[in-house]
$ cat model.cif   # mmCIF, C-alpha atoms, pLDDT in the B column; chains and numbers go by the auth columns
data_target
#
loop_
_atom_site.group_PDB
_atom_site.id
_atom_site.type_symbol
_atom_site.label_atom_id
_atom_site.label_comp_id
_atom_site.label_asym_id
_atom_site.label_seq_id
_atom_site.Cartn_x
_atom_site.Cartn_y
_atom_site.Cartn_z
_atom_site.B_iso_or_equiv
_atom_site.auth_seq_id
_atom_site.auth_asym_id
ATOM 1 C CA MET A 1 0.000 0.000 0.000 97.00 480 A
ATOM 2 C CA TYR A 2 1.339 3.388 -1.005 97.00 481 A
ATOM 3 C CA VAL A 3 0.331 6.749 0.447 97.00 482 A
ATOM 4 C CA LYS A 4 1.046 10.347 -0.427 96.00 483 A
ATOM 5 C CA ALA A 5 0.262 13.622 1.292 96.00 484 A
ATOM 6 C CA SER A 6 1.366 17.210 1.558 96.00 485 A
ATOM 7 C CA VAL A 7 3.131 17.639 4.889 96.00 486 A
ATOM 8 C CA GLU A 8 4.266 20.730 6.774 96.00 487 A
ATOM 9 C CA GLY A 9 6.338 20.665 9.957 97.00 488 A
ATOM 10 C CA ILE A 10 6.429 16.857 9.782 96.00 489 A
ATOM 11 C CA LYS A 11 9.739 14.976 9.952 96.00 490 A
ATOM 12 C CA HIS A 12 8.131 11.635 9.155 96.00 491 A
ATOM 13 C CA LEU A 13 4.790 9.871 8.987 96.00 492 A
ATOM 14 C CA GLU A 14 4.573 6.122 9.448 96.00 493 A
ATOM 15 C CA ILE A 15 1.909 3.518 9.820 95.00 494 A
ATOM 16 C CA SER A 16 1.529 2.047 13.289 93.00 495 A
ATOM 17 C CA PRO A 17 2.422 -1.671 13.371 90.00 496 A
ATOM 18 C CA ILE A 18 -0.418 -2.341 15.840 91.00 497 A
ATOM 19 C CA THR A 19 -3.309 -0.534 14.163 92.00 498 A
ATOM 20 C CA ASN A 20 -6.348 -1.930 12.402 95.00 499 A
ATOM 21 C CA LEU A 21 -6.450 -1.288 8.653 97.00 500 A
ATOM 22 C CA CYS A 22 -9.749 -0.705 6.847 98.00 501 A
ATOM 23 C CA ILE A 23 -9.617 -1.821 3.202 98.00 502 A
ATOM 24 C CA ASP A 24 -11.825 -2.838 0.296 98.00 503 A
ATOM 25 C CA ILE A 25 -11.048 -6.206 -1.275 98.00 504 A
ATOM 26 C CA ARG A 26 -12.165 -8.052 -4.388 97.00 505 A
ATOM 27 C CA ASN A 27 -11.909 -11.476 -5.905 96.00 506 A
ATOM 28 C CA PRO A 28 -9.215 -11.100 -8.597 95.00 507 A
ATOM 29 C CA THR A 29 -11.016 -13.608 -10.824 93.00 508 A
ATOM 30 C CA SER A 30 -14.426 -11.945 -10.567 89.00 509 A
ATOM 31 C CA ASP A 31 -15.121 -8.204 -10.805 82.00 510 A
ATOM 32 C CA PHE A 32 -18.484 -8.400 -9.055 90.00 511 A
ATOM 33 C CA GLU A 33 -17.312 -10.145 -5.851 96.00 512 A
ATOM 34 C CA THR A 34 -16.141 -7.453 -3.444 97.00 513 A
ATOM 35 C CA ARG A 35 -16.179 -6.751 0.267 97.00 514 A
ATOM 36 C CA GLU A 36 -16.060 -3.155 1.404 97.00 515 A
ATOM 37 C CA ARG A 37 -14.468 -1.730 4.527 97.00 516 A
ATOM 38 C CA VAL A 38 -12.960 -4.966 5.789 97.00 517 A
ATOM 39 C CA VAL A 39 -10.985 -4.343 8.993 97.00 518 A
ATOM 40 C CA VAL A 40 -7.710 -6.260 9.286 97.00 519 A
ATOM 41 C CA ASP A 41 -5.806 -6.453 12.583 96.00 520 A
ATOM 42 C CA PRO A 42 -2.089 -7.088 11.895 95.00 521 A
ATOM 43 C CA THR A 43 -1.558 -8.171 15.509 94.00 522 A
ATOM 44 C CA ASP A 44 -4.154 -10.951 15.392 93.00 523 A
ATOM 45 C CA PHE A 45 -3.801 -14.121 13.335 91.00 524 A
ATOM 46 C CA VAL A 46 -6.935 -16.021 12.287 88.00 525 A
ATOM 47 C CA GLU A 47 -7.415 -19.185 14.315 84.00 526 A
ATOM 48 C CA GLN A 48 -6.960 -22.264 12.184 78.00 527 A
ATOM 49 C CA ASP A 49 -7.996 -25.840 12.577 74.00 528 A
ATOM 50 C CA GLU A 50 -5.286 -28.303 13.516 76.00 529 A
ATOM 51 C CA GLY A 51 -3.563 -29.527 10.359 72.00 530 A
ATOM 52 C CA ALA A 52 -4.672 -26.530 8.282 73.00 531 A
ATOM 53 C CA ARG A 53 -2.668 -26.071 5.092 76.00 532 A
ATOM 54 C CA GLU A 54 -2.736 -22.290 4.942 77.00 533 A
ATOM 55 C CA PRO A 55 0.144 -20.394 6.498 81.00 534 A
ATOM 56 C CA PRO A 56 -0.706 -18.049 9.390 88.00 535 A
ATOM 57 C CA HIS A 57 -2.735 -15.084 8.104 93.00 536 A
ATOM 58 C CA HIS A 58 -4.643 -12.039 9.336 95.00 537 A
ATOM 59 C CA PHE A 59 -7.792 -12.362 7.223 96.00 538 A
ATOM 60 C CA SER A 60 -9.512 -15.080 5.211 94.00 539 A
ATOM 61 C CA ILE A 61 -12.601 -15.311 3.054 95.00 540 A
ATOM 62 C CA LYS A 62 -14.173 -18.029 0.972 94.00 541 A
ATOM 63 C CA TRP A 63 -15.512 -16.537 -2.251 95.00 542 A
ATOM 64 C CA GLU A 64 -18.687 -17.972 -3.771 92.00 543 A
ATOM 65 C CA GLY A 65 -17.954 -21.194 -5.655 89.00 544 A
ATOM 66 C CA SER A 66 -14.383 -21.414 -4.392 90.00 545 A
ATOM 67 C CA LYS A 67 -13.057 -24.591 -2.809 90.00 546 A
ATOM 68 C CA LYS A 68 -10.231 -22.894 -0.909 89.00 547 A
ATOM 69 C CA SER A 69 -10.161 -19.922 1.397 90.00 548 A
ATOM 70 C CA SER A 70 -8.463 -16.791 0.106 94.00 549 A
ATOM 71 C CA VAL A 71 -6.050 -15.243 2.614 94.00 550 A
ATOM 72 C CA LEU A 72 -4.367 -11.927 3.351 96.00 551 A
ATOM 73 C CA THR A 73 -1.347 -11.368 5.600 95.00 552 A
ATOM 74 C CA VAL A 74 0.110 -8.020 6.658 96.00 553 A
ATOM 75 C CA LEU A 75 3.879 -8.321 6.205 95.00 554 A
ATOM 76 C CA SER A 76 6.548 -7.040 8.568 92.00 555 A
ATOM 77 C CA VAL A 77 9.638 -5.325 7.140 91.00 556 A
ATOM 78 C CA GLN A 78 11.640 -8.566 7.495 92.00 557 A
ATOM 79 C CA GLU A 79 8.909 -10.660 5.842 90.00 558 A
ATOM 80 C CA LEU A 80 8.777 -8.183 2.945 92.00 559 A
ATOM 81 C CA LYS A 81 12.580 -8.299 2.543 89.00 560 A
ATOM 82 C CA THR A 82 12.407 -12.092 2.357 88.00 561 A
ATOM 83 C CA ALA A 83 9.547 -11.990 -0.174 87.00 562 A
ATOM 84 C CA LEU A 84 11.348 -9.463 -2.384 87.00 563 A
ATOM 85 C CA LYS A 85 14.569 -11.517 -2.349 84.00 564 A
ATOM 86 C CA LYS A 86 12.603 -14.412 -3.819 78.00 565 A
ATOM 87 C CA LYS A 87 11.438 -12.212 -6.697 73.00 566 A
ATOM 88 C CA LYS A 88 13.607 -12.040 -9.782 59.00 567 A
ATOM 89 C CA GLY A 89 15.072 -8.777 -10.995 55.00 568 A
ATOM 90 C CA ARG A 90 16.112 -7.437 -7.632 51.00 569 A
ATOM 91 C CA SER A 91 18.503 -4.540 -7.782 57.00 570 A
ATOM 92 C CA LYS A 92 21.505 -3.650 -5.679 63.00 571 A
ATOM 93 C CA GLY A 93 21.037 -1.026 -3.019 66.00 572 A
ATOM 94 C CA GLU A 94 17.806 -0.169 -1.261 77.00 573 A
ATOM 95 C CA ASP A 95 14.693 -1.561 -2.914 86.00 574 A
ATOM 96 C CA PRO A 96 12.160 1.228 -3.603 88.00 575 A
ATOM 97 C CA ARG A 97 9.347 -1.235 -2.788 90.00 576 A
ATOM 98 C CA MET A 98 10.435 -1.559 0.876 94.00 577 A
ATOM 99 C CA ILE A 99 7.962 -0.111 3.351 95.00 578 A
ATOM 100 C CA ARG A 100 9.168 3.008 5.128 96.00 579 A
ATOM 101 C CA ALA A 101 8.038 6.270 6.662 96.00 580 A
ATOM 102 C CA LEU A 102 6.909 9.172 4.488 97.00 581 A
ATOM 103 C CA THR A 103 9.280 12.123 5.074 96.00 582 A
ATOM 104 C CA ALA A 104 9.101 15.839 4.335 93.00 583 A
ATOM 105 C CA ASP A 105 11.148 15.146 1.177 94.00 584 A
ATOM 106 C CA ASP A 106 8.384 12.786 -0.011 93.00 585 A
ATOM 107 C CA SER A 107 5.643 15.402 0.107 80.00 586 A
ATOM 108 C CA ASP A 108 3.185 14.660 -2.748 85.00 587 A
ATOM 109 C CA VAL A 109 5.024 11.441 -3.770 93.00 588 A
ATOM 110 C CA PHE A 110 3.620 7.932 -3.268 97.00 589 A
ATOM 111 C CA VAL A 111 5.627 6.001 -0.641 97.00 590 A
ATOM 112 C CA PRO A 112 5.181 2.309 0.320 97.00 591 A
ATOM 113 C CA VAL A 113 4.008 2.174 3.967 97.00 592 A
ATOM 114 C CA ALA A 114 2.454 -1.298 4.240 96.00 593 A
ATOM 115 C CA ALA A 115 2.781 -4.602 2.422 96.00 594 A
ATOM 116 C CA PHE A 116 0.444 -7.548 2.125 96.00 595 A
ATOM 117 C CA SER A 117 0.823 -11.123 0.995 95.00 596 A
ATOM 118 C CA THR A 118 -2.383 -12.296 -0.643 96.00 597 A
ATOM 119 C CA ARG A 119 -3.791 -15.434 -2.208 94.00 598 A
ATOM 120 C CA GLY A 120 -7.107 -14.995 -3.968 95.00 599 A
ATOM 121 C CA ILE A 121 -7.665 -11.479 -2.571 97.00 600 A
ATOM 122 C CA GLU A 122 -6.931 -8.131 -4.178 97.00 601 A
ATOM 123 C CA PRO A 123 -6.997 -5.086 -1.884 98.00 602 A
ATOM 124 C CA TYR A 124 -7.921 -1.938 -3.808 97.00 603 A
ATOM 125 C CA ALA A 125 -8.900 0.865 -1.400 98.00 604 A
ATOM 126 C CA PHE A 126 -7.813 2.066 2.049 98.00 605 A
ATOM 127 C CA TYR A 127 -9.926 4.078 4.500 97.00 606 A
ATOM 128 C CA PRO A 128 -8.262 5.945 7.366 96.00 607 A
ATOM 129 C CA MET A 129 -10.253 5.442 10.571 94.00 608 A
ATOM 130 C CA GLY A 130 -7.988 7.530 12.810 91.00 609 A
ATOM 131 C CA GLY A 131 -4.976 6.330 14.727 90.00 610 A
ATOM 132 C CA GLU A 132 -3.352 4.330 11.916 94.00 611 A
ATOM 133 C CA PHE A 133 -0.508 6.791 11.536 96.00 612 A
ATOM 134 C CA ILE A 134 2.234 8.105 13.791 96.00 613 A
ATOM 135 C CA ALA A 135 3.468 11.594 12.903 96.00 614 A
ATOM 136 C CA THR A 136 6.717 13.049 14.231 96.00 615 A
ATOM 137 C CA SER A 137 7.229 16.811 14.039 97.00 616 A
ATOM 138 C CA GLU A 138 10.465 18.379 12.824 97.00 617 A
ATOM 139 C CA GLY A 139 11.140 19.127 16.511 96.00 618 A
ATOM 140 C CA GLY A 140 10.733 15.464 17.481 96.00 619 A
ATOM 141 C CA HIS A 141 7.285 15.507 19.140 95.00 620 A
ATOM 142 C CA VAL A 142 5.341 12.309 18.409 95.00 621 A
ATOM 143 C CA PHE A 143 1.614 12.498 17.640 95.00 622 A
ATOM 144 C CA ASP A 144 0.223 9.000 18.173 90.00 623 A
ATOM 145 C CA ASP A 145 -2.098 8.678 21.146 79.00 624 A
ATOM 146 C CA ASP A 146 -5.766 9.432 21.799 74.00 625 A
ATOM 147 C CA GLU A 147 -4.964 12.996 22.783 77.00 626 A
ATOM 148 C CA ASN A 148 -2.796 13.568 19.707 83.00 627 A
ATOM 149 C CA GLU A 149 -4.424 11.138 17.263 90.00 628 A
ATOM 150 C CA VAL A 150 -3.543 11.545 13.614 95.00 629 A
ATOM 151 C CA ASP A 151 -6.806 11.115 11.691 94.00 630 A
ATOM 152 C CA LEU A 152 -6.207 11.307 7.943 95.00 631 A
ATOM 153 C CA SER A 153 -9.856 10.762 6.956 94.00 632 A
ATOM 154 C CA GLU A 154 -9.642 14.527 6.364 95.00 633 A
ATOM 155 C CA ASP A 155 -6.882 17.137 6.443 96.00 634 A
ATOM 156 C CA TRP A 156 -5.134 17.072 9.825 96.00 635 A
ATOM 157 C CA GLY A 157 -3.287 19.719 11.774 96.00 636 A
ATOM 158 C CA ASP A 158 -1.910 20.213 15.272 96.00 637 A
ATOM 159 C CA TYR A 159 0.701 22.195 17.136 96.00 638 A
ATOM 160 C CA ASP A 160 3.993 21.041 18.665 96.00 639 A
ATOM 161 C CA VAL A 161 4.026 23.322 21.714 95.00 640 A
ATOM 162 C CA GLU A 162 7.452 22.172 22.966 95.00 641 A
ATOM 163 C CA ASN A 163 9.133 23.174 19.710 96.00 642 A
ATOM 164 C CA ASP A 164 6.786 25.974 18.561 97.00 643 A
ATOM 165 C CA ILE A 165 5.974 24.224 15.256 96.00 644 A
ATOM 166 C CA ALA A 166 2.631 24.028 13.446 97.00 645 A
ATOM 167 C CA VAL A 167 2.195 20.639 11.789 97.00 646 A
ATOM 168 C CA SER A 168 -0.238 19.570 9.101 97.00 647 A
ATOM 169 C CA ILE A 169 -0.977 16.747 6.710 96.00 648 A
ATOM 170 C CA SER A 170 -3.289 17.404 3.777 96.00 649 A
ATOM 171 C CA ASP A 171 -4.311 15.950 0.424 96.00 650 A
ATOM 172 C CA PHE A 172 -3.879 12.383 1.722 97.00 651 A
ATOM 173 C CA SER A 173 -4.390 9.608 -0.804 97.00 652 A
ATOM 174 C CA SER A 174 -3.503 5.948 -1.096 97.00 653 A
ATOM 175 C CA LYS A 175 -3.194 3.244 -3.712 98.00 654 A
ATOM 176 C CA PHE A 176 -2.359 -0.432 -3.948 97.00 655 A
ATOM 177 C CA GLU A 177 0.221 -1.875 -6.338 94.00 656 A
ATOM 178 C CA ALA A 178 1.092 -5.513 -6.878 89.00 657 A
ATOM 179 C CA VAL A 179 4.775 -6.238 -6.354 79.00 658 A
#

$ encode --input "model.cif" --output "structure tokens"
Amino acid sequence: MYVKASVEGIKHLEISPITNLCIDIRNPTSDFETRERVVVDPTDFVEQDEGAREPPHHFSIKWEGSKKSSVLTVLSVQELKTALKKKKGRSKGEDPRMIRALTADDSDVFVPVAAFSTRGIEPYAFYPMGGEFIATSEGGHVFDDDENEVDLSEDWGDYDVENDIAVSISDFSSKFEAV
């Protein structure tokens, strides 16, 4: 998942590793089978029956007429590194597909902030619910709790009192790309 935004007074913006993610998904083999606003918890794996063949995953669905469950897993940085190494055509140096924080230099540029491993599921839209992102001001103040929640469902702004810096994030958008 890639995001972009215009940021002011922000050193970096990153997705919280313990937040729920609200996404739309579809069956990649059928345009009419979709599920909207599915909430995925990256800290909670779906319970599986003993002897289940699927690897651990965060979300599963059985599409109409399908024999197998389709699964989605939110990848950690290390899991993404491993997955990208298995792909052909890797380049030397830092891979631009690696998830990272959006910085002030990335203002208005799409940056990969989350990665998913999917089988039979195609995520296609993301909906901020509030609290998914952690923003750090240029002065180092972290906005990430209930009192300082970063809600990107609309333009967001706050003030870093300790460092006398106004901070804002606007024009937020996201997209999904297959890697």

$ closest_residue --input "model.cif" --among "A:Ala583, A:Ile494, A:Ala593, A:Ala645" --to "Ile613 of chain A" --atoms "all atoms listed in the file"
A:Ile494

$ atom_distance --input "model.cif" --atom1 "atom CA of Ser652 of chain A" --atom2 "atom CA of Glu628 of chain A"
18.1 Å

$ residues_near_point --input "model.cif" --point "(0.4, 2.4, 15.0)" --cutoff "12 Å" --atoms "only C-alpha atoms" --output "NGL selection string"
:A and (492-500 or 520-522 or 580 or 592-593 or 608-614 or 621-625 or 628-630)

$ write_last_selection --input "model.cif" --atoms "C-alpha atoms" --output "PDB file, in the coordinates of the input"
ATOM      1  CA  LEU A 492       4.790   9.871   8.987  1.00 96.00           C
ATOM      2  CA  GLU A 493       4.573   6.122   9.448  1.00 96.00           C
ATOM      3  CA  ILE A 494       1.909   3.518   9.820  1.00 95.00           C
ATOM      4  CA  SER A 495       1.529   2.047  13.289  1.00 93.00           C
ATOM      5  CA  PRO A 496       2.422  -1.671  13.371  1.00 90.00           C
ATOM      6  CA  ILE A 497      -0.418  -2.341  15.840  1.00 91.00           C
ATOM      7  CA  THR A 498      -3.309  -0.534  14.163  1.00 92.00           C
ATOM      8  CA  ASN A 499      -6.348  -1.930  12.402  1.00 95.00           C
ATOM      9  CA  LEU A 500      -6.450  -1.288   8.653  1.00 97.00           C
ATOM     10  CA  ASP A 520      -5.806  -6.453  12.583  1.00 96.00           C
ATOM     11  CA  PRO A 521      -2.089  -7.088  11.895  1.00 95.00           C
ATOM     12  CA  THR A 522      -1.558  -8.171  15.509  1.00 94.00           C
ATOM     13  CA  ALA A 580       8.038   6.270   6.662  1.00 96.00           C
ATOM     14  CA  VAL A 592       4.008   2.174   3.967  1.00 97.00           C
ATOM     15  CA  ALA A 593       2.454  -1.298   4.240  1.00 96.00           C
ATOM     16  CA  MET A 608     -10.253   5.442  10.571  1.00 94.00           C
ATOM     17  CA  GLY A 609      -7.988   7.530  12.810  1.00 91.00           C
ATOM     18  CA  GLY A 610      -4.976   6.330  14.727  1.00 90.00           C
ATOM     19  CA  GLU A 611      -3.352   4.330  11.916  1.00 94.00           C
ATOM     20  CA  PHE A 612      -0.508   6.791  11.536  1.00 96.00           C
ATOM     21  CA  ILE A 613       2.234   8.105  13.791  1.00 96.00           C
ATOM     22  CA  ALA A 614       3.468  11.594  12.903  1.00 96.00           C
ATOM     23  CA  VAL A 621       5.341  12.309  18.409  1.00 95.00           C
ATOM     24  CA  PHE A 622       1.614  12.498  17.640  1.00 95.00           C
ATOM     25  CA  ASP A 623       0.223   9.000  18.173  1.00 90.00           C
ATOM     26  CA  ASP A 624      -2.098   8.678  21.146  1.00 79.00           C
ATOM     27  CA  ASP A 625      -5.766   9.432  21.799  1.00 74.00           C
ATOM     28  CA  GLU A 628      -4.424  11.138  17.263  1.00 90.00           C
ATOM     29  CA  VAL A 629      -3.543  11.545  13.614  1.00 95.00           C
ATOM     30  CA  ASP A 630      -6.806  11.115  11.691  1.00 94.00           C
TER      31      ASP A 630
END

$ axis_aligned_box --input "model.cif" --around "segment 632-644 of chain A" --padding-each-side "6 Å" --output "lines of an AutoDock Vina configuration file"
center_x = -0.4
center_y = 18.4
center_z = 14.7
size_x = 31.0
size_y = 27.2
size_z = 28.6

$ atom_distance --input "model.cif" --atom1 "atom CA of Ser632 of chain A" --atom2 "atom CA of Pro607 of chain A"
5.1 Å

$ resolve_selection --input "model.cif" --expression "the PyMOL selection byres ((chain A and resi 655) around 8)" --output "number ranges by chain"
A: 480-481, 602-604, 653-654, 656-657

$ write_last_selection --input "model.cif" --atoms "C-alpha atoms" --output "compact mmCIF listing (two decimals), in the coordinates of the input"
# COMPACT_ATOMS: atom_id res chain seq x y z
CA MET A 480 0.00 0.00 0.00
CA TYR A 481 1.34 3.39 -1.00
CA PRO A 602 -7.00 -5.09 -1.88
CA TYR A 603 -7.92 -1.94 -3.81
CA ALA A 604 -8.90 0.86 -1.40
CA SER A 653 -3.50 5.95 -1.10
CA LYS A 654 -3.19 3.24 -3.71
CA GLU A 656 0.22 -1.88 -6.34
CA ALA A 657 1.09 -5.51 -6.88

$ closest_residue --input "model.cif" --among "A:Pro591, A:Leu559, A:Glu601, A:Thr552" --to "Ser509 of chain A" --atoms "all atoms listed in the file"
A:Glu601

$ resolve_selection --input "model.cif" --expression "the PyMOL selection byres ((chain A and resi 530-538) around 9)" --output "number ranges by chain"
A: 518-529, 539-540, 548-553, 596

$ atom_distance --input "model.cif" --atom1 "atom CA of Ser545 of chain A" --atom2 "atom CA of Ile502 of chain A"
21.5 Å

$ residues_around --input "model.cif" --residues "segment 561-565 of chain A" --least-positions-apart "5" --cutoff "10 Å" --atoms "all atoms listed in the file" --output "mmCIF file with C-alpha atoms, in the frame of the given file"
data_model
loop_
_atom_site.group_PDB
_atom_site.id
_atom_site.type_symbol
_atom_site.label_atom_id
_atom_site.label_comp_id
_atom_site.auth_asym_id
_atom_site.auth_seq_id
_atom_site.Cartn_x
_atom_site.Cartn_y
_atom_site.Cartn_z
ATOM 1 C CA LEU A 554 3.879 -8.321 6.205
ATOM 2 C CA SER A 555 6.548 -7.040 8.568
ATOM 3 C CA VAL A 556 9.638 -5.325 7.140
ATOM 4 C CA SER A 570 18.503 -4.540 -7.782
ATOM 5 C CA ASP A 574 14.693 -1.561 -2.914
ATOM 6 C CA ARG A 576 9.347 -1.235 -2.788
ATOM 7 C CA MET A 577 10.435 -1.559 0.876
ATOM 8 C CA SER A 596 0.823 -11.123 0.995
ATOM 9 C CA VAL A 658 4.775 -6.238 -6.354
#

$ closest_residue --input "model.cif" --among "A:Tyr606, A:Phe595, A:Phe651, A:Trp635" --to "Cys501 of chain A" --atoms "all atoms listed in the file"
A:Tyr606

$ closest_residue --input "model.cif" --among "A:Gly599, A:Lys546, A:Glu573, A:Glu487" --to "Pro507 of chain A" --atoms "all atoms listed in the file"
A:Gly599

$ closest_residue --input "model.cif" --among "A:Ile644, A:Val482, A:Ile504, A:Ile489" --to "Thr597 of chain A" --atoms "all atoms listed in the file"
A:Ile504

$ closest_residue --input "model.cif" --among "A:Val588, A:Ile578, A:Ala594, A:Val640" --to "Ser485 of chain A" --atoms "all atoms listed in the file"
A:Val588

$ residues_around --input "model.cif" --residues "Gly619 of chain A" --least-positions-apart "4" --cutoff "9 Å" --atoms "all atoms listed in the file" --output "PDB file with C-alpha atoms, keeping the file's coordinate frame"
ATOM      1  CA  ILE A 489       6.429  16.857   9.782  1.00 96.00           C
ATOM      2  CA  LYS A 490       9.739  14.976   9.952  1.00 96.00           C
ATOM      3  CA  THR A 615       6.717  13.049  14.231  1.00 96.00           C
ATOM      4  CA  ASP A 639       3.993  21.041  18.665  1.00 96.00           C
ATOM      5  CA  ASN A 642       9.133  23.174  19.710  1.00 96.00           C
TER       6      ASN A 642
END

$ decode --input "model.cif" --residues "segment 480-556 of chain A" --atoms "C-alpha atoms" --output "mmCIF file, in the first residue's frame"
data_model
loop_
_atom_site.group_PDB
_atom_site.id
_atom_site.type_symbol
_atom_site.label_atom_id
_atom_site.label_comp_id
_atom_site.auth_asym_id
_atom_site.auth_seq_id
_atom_site.Cartn_x
_atom_site.Cartn_y
_atom_site.Cartn_z
ATOM 1 C CA MET A 480 0.000 0.000 0.000
ATOM 2 C CA TYR A 481 1.339 3.388 -1.005
ATOM 3 C CA VAL A 482 0.331 6.749 0.447
ATOM 4 C CA LYS A 483 1.046 10.347 -0.427
ATOM 5 C CA ALA A 484 0.262 13.622 1.292
ATOM 6 C CA SER A 485 1.366 17.210 1.558
ATOM 7 C CA VAL A 486 3.131 17.639 4.889
ATOM 8 C CA GLU A 487 4.266 20.730 6.774
ATOM 9 C CA GLY A 488 6.338 20.665 9.957
ATOM 10 C CA ILE A 489 6.429 16.857 9.782
ATOM 11 C CA LYS A 490 9.739 14.976 9.952
ATOM 12 C CA HIS A 491 8.131 11.635 9.155
ATOM 13 C CA LEU A 492 4.790 9.871 8.987
ATOM 14 C CA GLU A 493 4.573 6.122 9.448
ATOM 15 C CA ILE A 494 1.909 3.518 9.820
ATOM 16 C CA SER A 495 1.529 2.047 13.289
ATOM 17 C CA PRO A 496 2.422 -1.671 13.371
ATOM 18 C CA ILE A 497 -0.418 -2.341 15.840
ATOM 19 C CA THR A 498 -3.309 -0.534 14.163
ATOM 20 C CA ASN A 499 -6.348 -1.930 12.402
ATOM 21 C CA LEU A 500 -6.450 -1.288 8.653
ATOM 22 C CA CYS A 501 -9.749 -0.705 6.847
ATOM 23 C CA ILE A 502 -9.617 -1.821 3.202
ATOM 24 C CA ASP A 503 -11.825 -2.838 0.296
ATOM 25 C CA ILE A 504 -11.048 -6.206 -1.275
ATOM 26 C CA ARG A 505 -12.165 -8.052 -4.388
ATOM 27 C CA ASN A 506 -11.909 -11.476 -5.905
ATOM 28 C CA PRO A 507 -9.215 -11.100 -8.597
ATOM 29 C CA THR A 508 -11.016 -13.608 -10.824
ATOM 30 C CA SER A 509 -14.426 -11.945 -10.567
ATOM 31 C CA ASP A 510 -15.121 -8.204 -10.805
ATOM 32 C CA PHE A 511 -18.484 -8.400 -9.055
ATOM 33 C CA GLU A 512 -17.312 -10.145 -5.851
ATOM 34 C CA THR A 513 -16.141 -7.453 -3.444
ATOM 35 C CA ARG A 514 -16.179 -6.751 0.267
ATOM 36 C CA GLU A 515 -16.060 -3.155 1.404
ATOM 37 C CA ARG A 516 -14.468 -1.730 4.527
ATOM 38 C CA VAL A 517 -12.960 -4.966 5.789
ATOM 39 C CA VAL A 518 -10.985 -4.343 8.993
ATOM 40 C CA VAL A 519 -7.710 -6.260 9.286
ATOM 41 C CA ASP A 520 -5.806 -6.453 12.583
ATOM 42 C CA PRO A 521 -2.089 -7.088 11.895
ATOM 43 C CA THR A 522 -1.558 -8.171 15.509
ATOM 44 C CA ASP A 523 -4.154 -10.951 15.392
ATOM 45 C CA PHE A 524 -3.801 -14.121 13.335
ATOM 46 C CA VAL A 525 -6.935 -16.021 12.287
ATOM 47 C CA GLU A 526 -7.415 -19.185 14.315
ATOM 48 C CA GLN A 527 -6.960 -22.264 12.184
ATOM 49 C CA ASP A 528 -7.996 -25.840 12.577
ATOM 50 C CA GLU A 529 -5.286 -28.303 13.516
ATOM 51 C CA GLY A 530 -3.563 -29.527 10.359
ATOM 52 C CA ALA A 531 -4.672 -26.530 8.282
ATOM 53 C CA ARG A 532 -2.668 -26.071 5.092
ATOM 54 C CA GLU A 533 -2.736 -22.290 4.942
ATOM 55 C CA PRO A 534 0.144 -20.394 6.498
ATOM 56 C CA PRO A 535 -0.706 -18.049 9.390
ATOM 57 C CA HIS A 536 -2.735 -15.084 8.104
ATOM 58 C CA HIS A 537 -4.643 -12.039 9.336
ATOM 59 C CA PHE A 538 -7.792 -12.362 7.223
ATOM 60 C CA SER A 539 -9.512 -15.080 5.211
ATOM 61 C CA ILE A 540 -12.601 -15.311 3.054
ATOM 62 C CA LYS A 541 -14.173 -18.029 0.972
ATOM 63 C CA TRP A 542 -15.512 -16.537 -2.251
ATOM 64 C CA GLU A 543 -18.687 -17.972 -3.771
ATOM 65 C CA GLY A 544 -17.954 -21.194 -5.655
ATOM 66 C CA SER A 545 -14.383 -21.414 -4.392
ATOM 67 C CA LYS A 546 -13.057 -24.591 -2.809
ATOM 68 C CA LYS A 547 -10.231 -22.894 -0.909
ATOM 69 C CA SER A 548 -10.161 -19.922 1.397
ATOM 70 C CA SER A 549 -8.463 -16.791 0.106
ATOM 71 C CA VAL A 550 -6.050 -15.243 2.614
ATOM 72 C CA LEU A 551 -4.367 -11.927 3.351
ATOM 73 C CA THR A 552 -1.347 -11.368 5.600
ATOM 74 C CA VAL A 553 0.110 -8.020 6.658
ATOM 75 C CA LEU A 554 3.879 -8.321 6.205
ATOM 76 C CA SER A 555 6.548 -7.040 8.568
ATOM 77 C CA VAL A 556 9.638 -5.325 7.140
#
